[in-house]
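K.L.:
Here's a structure for you.
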Protein chains: 2
Amino acid sequence: MDTTQRTEQQRSAERRRRELLEAADRVVLRDGPQASMNAIAAEAGITKPILYRHFGDKGGLYAALAKRHTDALLASLRAALDAPAGRRERVESTLDTYLAAIEARPQVYRFLMHPAEGSAGGEQGFDVGKHSVPLLRRMGEELAQVIEERVDLGPDSRQLARVWGHGIVGMMHAAGDWWLGERPCSRADLVRSLADLLWGRLAAAGDRLGGPGF
Amino acid sequence: MDTTQRTEQQRSAERRRRELLEAADRVVLRDGPQASMNAIAAEAGITKPILYRHFGDKGGLYAALAKRHTDALLASLRAALDAPAGRRERVESTLDTYLAAIEARPQVYRFLMHPAEGSAGGEQGFDVGKHSVPLLRRMGEELAQVIEERVDLGPDSRQLARVWGHGIVGMMHAAGDWWLGERPCSRADLVRSLADLLWGRLAAAGDRLGGPGF
DNA sequence: GGTGCGATGTTACCAACGGTAACGAGAGTC
DNA sequence: GACTCTCGTTACCGTTGGTAACATCGCACC
């Protein structure tokens with residue numbers, strides 16, 4: 001009986017927490033990352049202190065909010081990485097999954113990666129630095145593990161896989177960020193260009209005539 | 001006479017501005033990026049309003065501060081990229097220059113790239129998001145230009161070079177960030193690993209036995 | 001049926017921040 | 001002497017993150 005009671009209360013608290021998170025999500029996606037705690041509380045139909053009771057401080061709320069999207073993104077990436085296909089197909093599919101995600105919900109992406117770039121004109125926003133980096137790190141570590149498991153890299157494979165994991169994730173992130181802002185080509189073109197880079201086309205390319213070469 | 005007077009005043013203003021920037025630099029490097037305008041003004045021996053007269057707002061001060069370091073870094077990268085050597089040597093040298101820079105002055109690096117991670121316990125910091133991205137973008141565009149100028153990429157070379165420029169910069173940035181935090185290997189090892197990745201070692205590697213391949 | 005008690009919610013407040021208005025002190029110019 | 005221009009100040013405002021103190025409701029317990 002004691003247990004059922006506690007679980008009942010816990011369930012209620014968790015449901016409430018989810019509601020609050022959804023309200024926060026709406027506000028952050030509408031007002032940008034500089035949404036104030038007051039605004040979020042108002043959207044949820046309550047006042048500030050209970051927000052603080054649930055999440056501790058603004059960072060806590062942010063972390064909870066970021067974790068939802070981060071976990072979802074990581075899950076879809078993992079699925080693409082595990083699909084039954086050849087290596088290059090899988091690389092392209094994973095790149096495409098990431099780019100499709102940031103293309104489909106750029107507000108979420110900007111929230112996760114670019115703190116103070118909301119639509120409104122405010123100046124101080126969420127301190128994403130503490131949380132956006134972990135997303136990149138998690139993706140890097142995950143990719144490193146996949147590489148180490150599946151690619152034969154000879155000695156020092158562990159180290160090499162980690163360097164490559166973080167490097168490839170950084171490549172994907174930076175190229176995606178730039179692409180999302182300028183849209184200079186189709187997503188498929190971007191995917192192919194990046195995969196070509198990874199496949200050694202830089203090394204294979206010849207120097208331009210008359211120049212000293214890259 | 002009028003001109004000399006004005007240049008004299010301008011000189012004085014610029015000198016003052018440099019002094020203020022140096023004071024701001026000290027404070028930011030000591031207190032982290034969440035340094036307050038009051039603290040910076042105090043370090044400079046003055047009070048807030050004249051800081052605002054010189055830089056407009058906090059973003060202006062930050063931009064001026066970031067521009068100094070950004071320009072210096074870009075200049076050294078350009079030098080490495082222009083050195084007389086083979087392509088791979090130059091790529092390695094450029095990677096090494098960047099990594100050496102962030103290794104030598106990690107505080108500057110963290111200031112430029114990671115807003116709210118200062119040593120002190122404060123919570124709200126400079127909104128770097130608006131300025132750190134431009135650094136990555138500038139590096140990406142610059143590298144893209146170098147690639148397009150010197151590497152023969154066939155048709156669509158302009159687009160491809162830009163994708164690669166931003167992608168490679170992102171790779172360097174993410175790998176460097178991770179490496180700076182964990183120091184899992186020497187700088188030379190990291191440089192070699194990244195250059196190997198760029199040189200197609202991923203494509204050339206075989207699948208691990210028993211696995212479906214990466 | 002009163003009684004504690006924990007969760008939920010509120011109002012009112014604090015400290016700190018970015019930013020600004022209003023004023024004052026010298027220094028050169030007419 | 002009056003004018004003006006820059007450098008500098010004090011004192012203030014609005015907003016924000018965060019908290020203390022109080023009210024209220026449901027509910028088990030004797």
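Order determines the names: the first chain of the structure tokens is A, the second B, and so forth; residues in each chain are numbered 1 upward, and ligands are numbered 1 upward as they are shown.
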Extract, using only C-alpha atoms (C1' of nucleotides), all DNA, RNA and protein residues at most 10 Å from region 5-16 of chain D, discarding same-chain residues fewer than 6 positions from it, and format them as an MDAnalysis selection string.

P.N.:
(chainID A and resid 36:38 124) or (chainID B and resid 9 13 46:50) or (chainID C and resid 16:28)

K.L.:
Next, dump the selected residues to file, keeping only C-alpha atoms (C1' of nucleotides), as a tab-separated table (two decimals), in the first residue's frame.

P.N.:
chain	number	residue	atom	x	y	z
A	36	SER	CA	12.51	33.49	-19.61
A	37	MET	CA	11.47	31.25	-16.77
A	38	ASN	CA	8.49	33.50	-16.22
A	124	GLN	CA	20.73	36.75	-22.80
B	9	GLN	CA	41.86	62.84	-30.75
B	13	ALA	CA	40.55	57.30	-28.49
B	46	ILE	CA	36.89	53.24	-14.83
B	47	THR	CA	33.13	52.74	-14.67
B	48	LYS	CA	30.55	51.18	-16.91
B	49	PRO	CA	29.21	54.04	-19.03
B	50	ILE	CA	32.49	54.78	-20.75
C	16	DA	C1'	22.87	40.95	-10.09
C	17	DC	C1'	22.98	42.09	-14.62
C	18	DG	C1'	22.83	45.05	-19.00
C	19	DG	C1'	21.99	49.49	-20.19
C	20	DT	C1'	20.98	54.61	-19.80
C	21	DA	C1'	20.02	59.42	-18.27
C	22	DA	C1'	21.74	63.33	-15.98
C	23	DC	C1'	25.20	65.70	-14.22
C	24	DG	C1'	30.23	67.46	-13.36
C	25	DA	C1'	35.36	68.53	-14.32
C	26	DG	C1'	38.99	70.00	-17.28
C	27	DA	C1'	40.92	71.72	-21.50
C	28	DG	C1'	41.13	74.11	-25.49

K.L.:
Report chain A as an mmCIF file with C-alpha atoms, in the first residue's frame in the frame of chain B, after least-squares superposition over all C-alpha atoms paired in order.

P.N.:
data_model
loop_
_atom_site.group_PDB
_atom_site.id
_atom_site.type_symbol
_atom_site.label_atom_id
_atom_site.label_comp_id
_atom_site.auth_asym_id
_atom_site.auth_seq_id
_atom_site.Cartn_x
_atom_site.Cartn_y
_atom_site.Cartn_z
ATOM 1 C CA MET A 1 45.112 71.881 -38.585
ATOM 2 C CA ASP A 2 41.602 70.633 -38.277
ATOM 3 C CA THR A 3 42.682 67.276 -39.586
ATOM 4 C CA THR A 4 45.672 66.986 -37.249
ATOM 5 C CA GLN A 5 43.444 67.828 -34.359
ATOM 6 C CA ARG A 6 40.925 65.201 -35.275
ATOM 7 C CA THR A 7 43.545 62.574 -35.856
ATOM 8 C CA GLU A 8 45.046 63.452 -32.483
ATOM 9 C CA GLN A 9 41.718 62.848 -30.833
ATOM 10 C CA GLN A 10 41.142 59.730 -32.850
ATOM 11 C CA ARG A 11 44.541 58.435 -31.857
ATOM 12 C CA SER A 12 43.771 59.036 -28.236
ATOM 13 C CA ALA A 13 40.444 57.290 -28.546
ATOM 14 C CA GLU A 14 42.006 54.327 -30.282
ATOM 15 C CA ARG A 15 44.736 54.037 -27.709
ATOM 16 C CA ARG A 16 42.147 54.160 -24.967
ATOM 17 C CA ARG A 17 40.135 51.548 -26.767
ATOM 18 C CA ARG A 18 43.137 49.268 -26.951
ATOM 19 C CA GLU A 19 43.765 49.734 -23.251
ATOM 20 C CA LEU A 20 40.179 48.876 -22.484
ATOM 21 C CA LEU A 21 40.350 45.825 -24.688
ATOM 22 C CA GLU A 22 43.471 44.634 -22.926
ATOM 23 C CA ALA A 23 41.832 45.095 -19.558
ATOM 24 C CA ALA A 24 38.779 43.216 -20.787
ATOM 25 C CA ASP A 25 41.042 40.487 -22.071
ATOM 26 C CA ARG A 26 42.658 40.084 -18.675
ATOM 27 C CA VAL A 27 39.336 39.887 -16.878
ATOM 28 C CA VAL A 28 37.754 37.507 -19.348
ATOM 29 C CA LEU A 29 40.769 35.229 -19.283
ATOM 30 C CA ARG A 30 40.772 35.296 -15.482
ATOM 31 C CA ASP A 31 37.085 35.164 -14.609
ATOM 32 C CA GLY A 32 35.874 33.298 -17.632
ATOM 33 C CA PRO A 33 33.425 34.548 -20.225
ATOM 34 C CA GLN A 34 30.771 35.423 -17.666
ATOM 35 C CA ALA A 35 32.817 38.405 -16.595
ATOM 36 C CA SER A 36 30.525 41.314 -15.881
ATOM 37 C CA MET A 37 30.799 44.729 -17.424
ATOM 38 C CA ASN A 38 31.352 46.144 -13.969
ATOM 39 C CA ALA A 39 34.304 43.851 -13.391
ATOM 40 C CA ILE A 40 35.855 44.779 -16.718
ATOM 41 C CA ALA A 41 35.357 48.463 -16.046
ATOM 42 C CA ALA A 42 36.909 48.087 -12.613
ATOM 43 C CA GLU A 43 39.919 46.287 -14.071
ATOM 44 C CA ALA A 44 40.352 49.135 -16.509
ATOM 45 C CA GLY A 45 40.154 51.584 -13.624
ATOM 46 C CA ILE A 46 36.980 53.260 -14.842
ATOM 47 C CA THR A 47 33.233 52.746 -14.659
ATOM 48 C CA LYS A 48 30.637 51.152 -16.852
ATOM 49 C CA PRO A 49 29.246 53.989 -18.970
ATOM 50 C CA ILE A 50 32.515 54.750 -20.729
ATOM 51 C CA LEU A 51 32.784 51.096 -21.623
ATOM 52 C CA TYR A 52 29.390 51.455 -23.237
ATOM 53 C CA ARG A 53 30.441 54.632 -24.965
ATOM 54 C CA HIS A 54 33.322 52.795 -26.578
ATOM 55 C CA PHE A 55 31.683 49.525 -27.492
ATOM 56 C CA GLY A 56 27.970 50.182 -27.602
ATOM 57 C CA ASP A 57 26.901 47.111 -25.705
ATOM 58 C CA LYS A 58 28.316 43.925 -24.346
ATOM 59 C CA GLY A 59 28.128 42.260 -27.703
ATOM 60 C CA GLY A 60 30.208 45.035 -29.188
ATOM 61 C CA LEU A 61 32.897 44.618 -26.609
ATOM 62 C CA TYR A 62 32.827 40.910 -27.118
ATOM 63 C CA ALA A 63 33.022 41.251 -30.878
ATOM 64 C CA ALA A 64 36.022 43.538 -30.626
ATOM 65 C CA LEU A 65 37.679 41.158 -28.199
ATOM 66 C CA ALA A 66 36.950 38.136 -30.341
ATOM 67 C CA LYS A 67 38.132 39.838 -33.510
ATOM 68 C CA ARG A 68 41.624 40.288 -32.131
ATOM 69 C CA HIS A 69 42.120 36.622 -31.356
ATOM 70 C CA THR A 70 40.260 35.466 -34.416
ATOM 71 C CA ASP A 71 42.371 37.566 -36.734
ATOM 72 C CA ALA A 72 45.559 36.376 -35.112
ATOM 73 C CA LEU A 73 44.536 32.748 -35.421
ATOM 74 C CA LEU A 74 43.444 33.134 -39.015
ATOM 75 C CA ALA A 75 46.712 34.800 -39.914
ATOM 76 C CA SER A 76 48.791 31.957 -38.529
ATOM 77 C CA LEU A 77 46.578 29.424 -40.259
ATOM 78 C CA ARG A 78 46.972 31.224 -43.531
ATOM 79 C CA ALA A 79 50.725 31.183 -43.106
ATOM 80 C CA ALA A 80 50.734 27.437 -42.510
ATOM 81 C CA LEU A 81 48.475 26.929 -45.499
ATOM 82 C CA ASP A 82 50.813 28.953 -47.691
ATOM 83 C CA ALA A 83 54.054 27.365 -46.628
ATOM 84 C CA PRO A 84 56.178 25.875 -49.419
ATOM 85 C CA ALA A 85 55.723 22.129 -49.044
ATOM 86 C CA GLY A 86 53.722 19.245 -50.394
ATOM 87 C CA ARG A 87 49.991 19.050 -49.994
ATOM 88 C CA ARG A 88 49.847 16.550 -47.201
ATOM 89 C CA GLU A 89 52.645 18.303 -45.324
ATOM 90 C CA ARG A 90 50.747 21.507 -45.562
ATOM 91 C CA VAL A 91 47.523 19.940 -44.368
ATOM 92 C CA GLU A 92 49.306 18.470 -41.393
ATOM 93 C CA SER A 93 51.045 21.732 -40.689
ATOM 94 C CA THR A 94 47.773 23.629 -40.730
ATOM 95 C CA LEU A 95 46.080 21.135 -38.454
ATOM 96 C CA ASP A 96 49.045 21.318 -36.147
ATOM 97 C CA THR A 97 49.003 25.097 -36.129
ATOM 98 C CA TYR A 98 45.379 25.161 -35.097
ATOM 99 C CA LEU A 99 45.825 22.532 -32.427
ATOM 100 C CA ALA A 100 48.965 24.182 -31.122
ATOM 101 C CA ALA A 101 47.088 27.463 -30.804
ATOM 102 C CA ILE A 102 44.230 26.022 -28.822
ATOM 103 C CA GLU A 103 46.667 24.011 -26.756
ATOM 104 C CA ALA A 104 48.836 27.000 -25.967
ATOM 105 C CA ARG A 105 45.983 29.256 -24.897
ATOM 106 C CA PRO A 106 43.020 27.118 -23.937
ATOM 107 C CA GLN A 107 41.426 29.997 -22.084
ATOM 108 C CA VAL A 108 41.288 32.041 -25.240
ATOM 109 C CA TYR A 109 39.934 29.058 -27.086
ATOM 110 C CA ARG A 110 37.247 28.391 -24.524
ATOM 111 C CA PHE A 111 36.345 32.023 -24.556
ATOM 112 C CA LEU A 112 35.920 32.011 -28.303
ATOM 113 C CA MET A 113 34.101 28.721 -28.576
ATOM 114 C CA HIS A 114 32.471 27.794 -25.299
ATOM 115 C CA PRO A 115 30.525 30.634 -23.752
ATOM 116 C CA ALA A 116 29.401 29.534 -20.337
ATOM 117 C CA GLU A 117 32.287 27.408 -19.185
ATOM 118 C CA GLY A 118 34.361 29.852 -17.239
ATOM 119 C CA SER A 119 36.284 28.861 -14.153
ATOM 120 C CA ALA A 120 34.032 30.787 -11.763
ATOM 121 C CA GLY A 121 30.629 29.457 -10.871
ATOM 122 C CA GLY A 122 28.543 32.127 -12.560
ATOM 123 C CA GLU A 123 25.669 31.165 -14.782
ATOM 124 C CA GLN A 124 25.122 33.779 -17.409
ATOM 125 C CA GLY A 125 27.965 34.626 -19.705
ATOM 126 C CA PHE A 126 28.751 36.267 -22.951
ATOM 127 C CA ASP A 127 26.492 35.231 -25.738
ATOM 128 C CA VAL A 128 29.149 33.710 -27.839
ATOM 129 C CA GLY A 129 26.761 32.041 -30.208
ATOM 130 C CA LYS A 130 26.649 35.110 -32.346
ATOM 131 C CA HIS A 131 30.420 35.281 -32.642
ATOM 132 C CA SER A 132 31.948 31.851 -32.292
ATOM 133 C CA VAL A 133 30.059 30.591 -35.286
ATOM 134 C CA PRO A 134 31.455 33.345 -37.473
ATOM 135 C CA LEU A 135 34.938 32.172 -36.589
ATOM 136 C CA LEU A 136 34.160 28.670 -37.810
ATOM 137 C CA ARG A 137 32.467 30.111 -40.863
ATOM 138 C CA ARG A 138 35.383 32.337 -41.701
ATOM 139 C CA MET A 139 37.810 29.462 -41.400
ATOM 140 C CA GLY A 140 35.546 27.312 -43.539
ATOM 141 C CA GLU A 141 35.208 29.908 -46.268
ATOM 142 C CA GLU A 142 38.916 30.564 -46.278
ATOM 143 C CA LEU A 143 39.774 26.917 -46.564
ATOM 144 C CA ALA A 144 37.174 26.514 -49.286
ATOM 145 C CA GLN A 145 38.838 29.243 -51.272
ATOM 146 C CA VAL A 146 42.244 27.648 -50.892
ATOM 147 C CA ILE A 147 40.898 24.283 -51.968
ATOM 148 C CA GLU A 148 39.145 25.695 -54.966
ATOM 149 C CA GLU A 149 42.233 27.597 -56.027
ATOM 150 C CA ARG A 150 44.642 24.777 -55.752
ATOM 151 C CA VAL A 151 42.897 21.453 -56.122
ATOM 152 C CA ASP A 152 41.488 20.151 -59.356
ATOM 153 C CA LEU A 153 38.033 18.878 -58.515
ATOM 154 C CA GLY A 154 36.458 18.794 -61.938
ATOM 155 C CA PRO A 155 32.970 20.249 -62.463
ATOM 156 C CA ASP A 156 31.082 21.700 -59.513
ATOM 157 C CA SER A 157 34.413 22.432 -57.965
ATOM 158 C CA ARG A 158 33.188 25.580 -56.293
ATOM 159 C CA GLN A 159 30.381 23.871 -54.459
ATOM 160 C CA LEU A 160 32.479 20.875 -53.573
ATOM 161 C CA ALA A 161 35.276 23.059 -52.261
ATOM 162 C CA ARG A 162 32.949 24.932 -49.983
ATOM 163 C CA VAL A 163 31.385 21.791 -48.589
ATOM 164 C CA TRP A 164 34.811 20.376 -47.961
ATOM 165 C CA GLY A 165 36.133 23.589 -46.496
ATOM 166 C CA HIS A 166 33.408 23.781 -43.897
ATOM 167 C CA GLY A 167 33.483 20.049 -43.314
ATOM 168 C CA ILE A 168 37.218 19.899 -42.762
ATOM 169 C CA VAL A 169 37.141 22.895 -40.466
ATOM 170 C CA GLY A 170 34.359 21.254 -38.476
ATOM 171 C CA MET A 171 36.366 18.045 -38.261
ATOM 172 C CA MET A 172 39.389 19.933 -37.003
ATOM 173 C CA HIS A 173 37.332 21.891 -34.528
ATOM 174 C CA ALA A 174 35.420 18.979 -33.035
ATOM 175 C CA ALA A 175 38.424 16.699 -32.852
ATOM 176 C CA GLY A 176 40.483 19.483 -31.316
ATOM 177 C CA ASP A 177 37.828 20.263 -28.770
ATOM 178 C CA TRP A 178 37.552 16.664 -27.713
ATOM 179 C CA TRP A 179 41.311 16.243 -27.663
ATOM 180 C CA LEU A 180 41.820 19.356 -25.585
ATOM 181 C CA GLY A 181 39.443 18.028 -22.962
ATOM 182 C CA GLU A 182 40.745 14.474 -22.711
ATOM 183 C CA ARG A 183 44.286 14.619 -24.023
ATOM 184 C CA PRO A 184 44.157 11.013 -25.148
ATOM 185 C CA CYS A 185 47.228 11.268 -27.326
ATOM 186 C CA SER A 186 49.980 13.577 -28.459
ATOM 187 C CA ARG A 187 49.288 16.433 -30.790
ATOM 188 C CA ALA A 188 51.350 14.793 -33.494
ATOM 189 C CA ASP A 189 49.312 11.608 -33.236
ATOM 190 C CA LEU A 190 46.109 13.557 -33.542
ATOM 191 C CA VAL A 191 47.392 15.420 -36.571
ATOM 192 C CA ARG A 192 48.426 12.202 -38.263
ATOM 193 C CA SER A 193 45.124 10.483 -37.495
ATOM 194 C CA LEU A 194 43.103 13.337 -38.937
ATOM 195 C CA ALA A 195 45.294 13.596 -42.002
ATOM 196 C CA ASP A 196 44.917 9.847 -42.490
ATOM 197 C CA LEU A 197 41.162 10.221 -42.367
ATOM 198 C CA LEU A 198 41.330 12.973 -44.948
ATOM 199 C CA TRP A 199 43.601 10.813 -47.048
ATOM 200 C CA GLY A 200 41.052 8.114 -47.480
ATOM 201 C CA ARG A 201 42.154 5.593 -44.935
ATOM 202 C CA LEU A 202 38.551 5.049 -43.933
ATOM 203 C CA ALA A 203 37.600 4.026 -47.436
ATOM 204 C CA ALA A 204 40.650 1.823 -47.723
ATOM 205 C CA ALA A 205 40.165 0.005 -44.433
ATOM 206 C CA GLY A 206 38.698 -3.459 -44.537
ATOM 207 C CA ASP A 207 35.735 -4.721 -42.534
ATOM 208 C CA ARG A 208 36.323 -6.376 -39.226
ATOM 209 C CA LEU A 209 35.914 -10.132 -39.364
ATOM 210 C CA GLY A 210 32.448 -11.316 -38.416
ATOM 211 C CA GLY A 211 30.806 -7.932 -38.584
ATOM 212 C CA PRO A 212 28.668 -6.403 -41.280
ATOM 213 C CA GLY A 213 31.230 -3.721 -41.919
ATOM 214 C CA PHE A 214 30.972 -0.042 -41.191
#

K.L.:
Can you pull out the residues contacting DC22 (chain D)? Cut-off 10 Å, using only C-alpha atoms (C1' of nucleotides), and skip same-chain residues under 2 positions away; I want them as a VMD selection string.

P.N.:
(chain C and resid 10 to 11) or (chain D and resid 20)

K.L.:
Save the residues we just selected, C-alpha atoms (C1' of nucleotides), as a PDB file, in the first residue's frame?

P.N.:
ATOM      1  C1'  DT C  10       0.869  31.619  -4.610  1.00  0.00           C
ATOM      2  C1'  DT C  11       2.818  36.541  -3.608  1.00  0.00           C
TER       3       DT C  11
ATOM      4  C1'  DA D  20      11.698  32.724   1.349  1.00  0.00           C
TER       5       DA D  20
END

K.L.:
Please find the residues of chain C near chain A - the criterion being any atom within 9 Å, counting only C-alpha atoms (C1' of nucleotides) - and write them as a list in words.

P.N.:
DA7, DT8, DG9 and DT10 of chain C

K.L.:
Generate a file of the selected residues that holds C-alpha atoms (C1' of nucleotides), formatted as a compact mmCIF listing (two decimals), in the first residue's frame.

P.N.:
# COMPACT_ATOMS: atom_id res chain seq x y z
C1' DA C 7 2.67 18.19 -2.21
C1' DT C 8 1.05 22.18 -4.89
C1' DG C 9 0.53 26.63 -5.55
C1' DT C 10 0.87 31.62 -4.61

K.L.:
May I have the residues of chain D within 9 Å of chain A, counting only C-alpha atoms (C1' of nucleotides), written as an MDAnalysis selection string?

P.N.:
chainID D and resid 16:19

K.L.:
Among region 2-209 of chain B, which ones does DSSP place in strand (DSSP E), written as JSON, numbers by chain?

P.N.:
{"B": [151, 152, 206, 207]}

K.L.:
Based on DSSP run over this structure's backbone, return all residues of region 13-42 of chain A in helix (DSSP H, G or I), as JSON, numbers by chain.

P.N.:
{"A": [13, 14, 15, 16, 17, 18, 19, 20, 21, 22, 23, 24, 25, 26, 27, 28, 29, 30, 31, 37, 38, 39, 40, 41, 42]}

K.L.:
Could you jot down the C1' of DG26 (chain D) to C1' of DG2 (chain C) separation for me, Å, one decimal place?

P.N.:
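Taking C1' of DG26 (chain D) and C1' of DG2 (chain C), their separation equals 15.2 Å.
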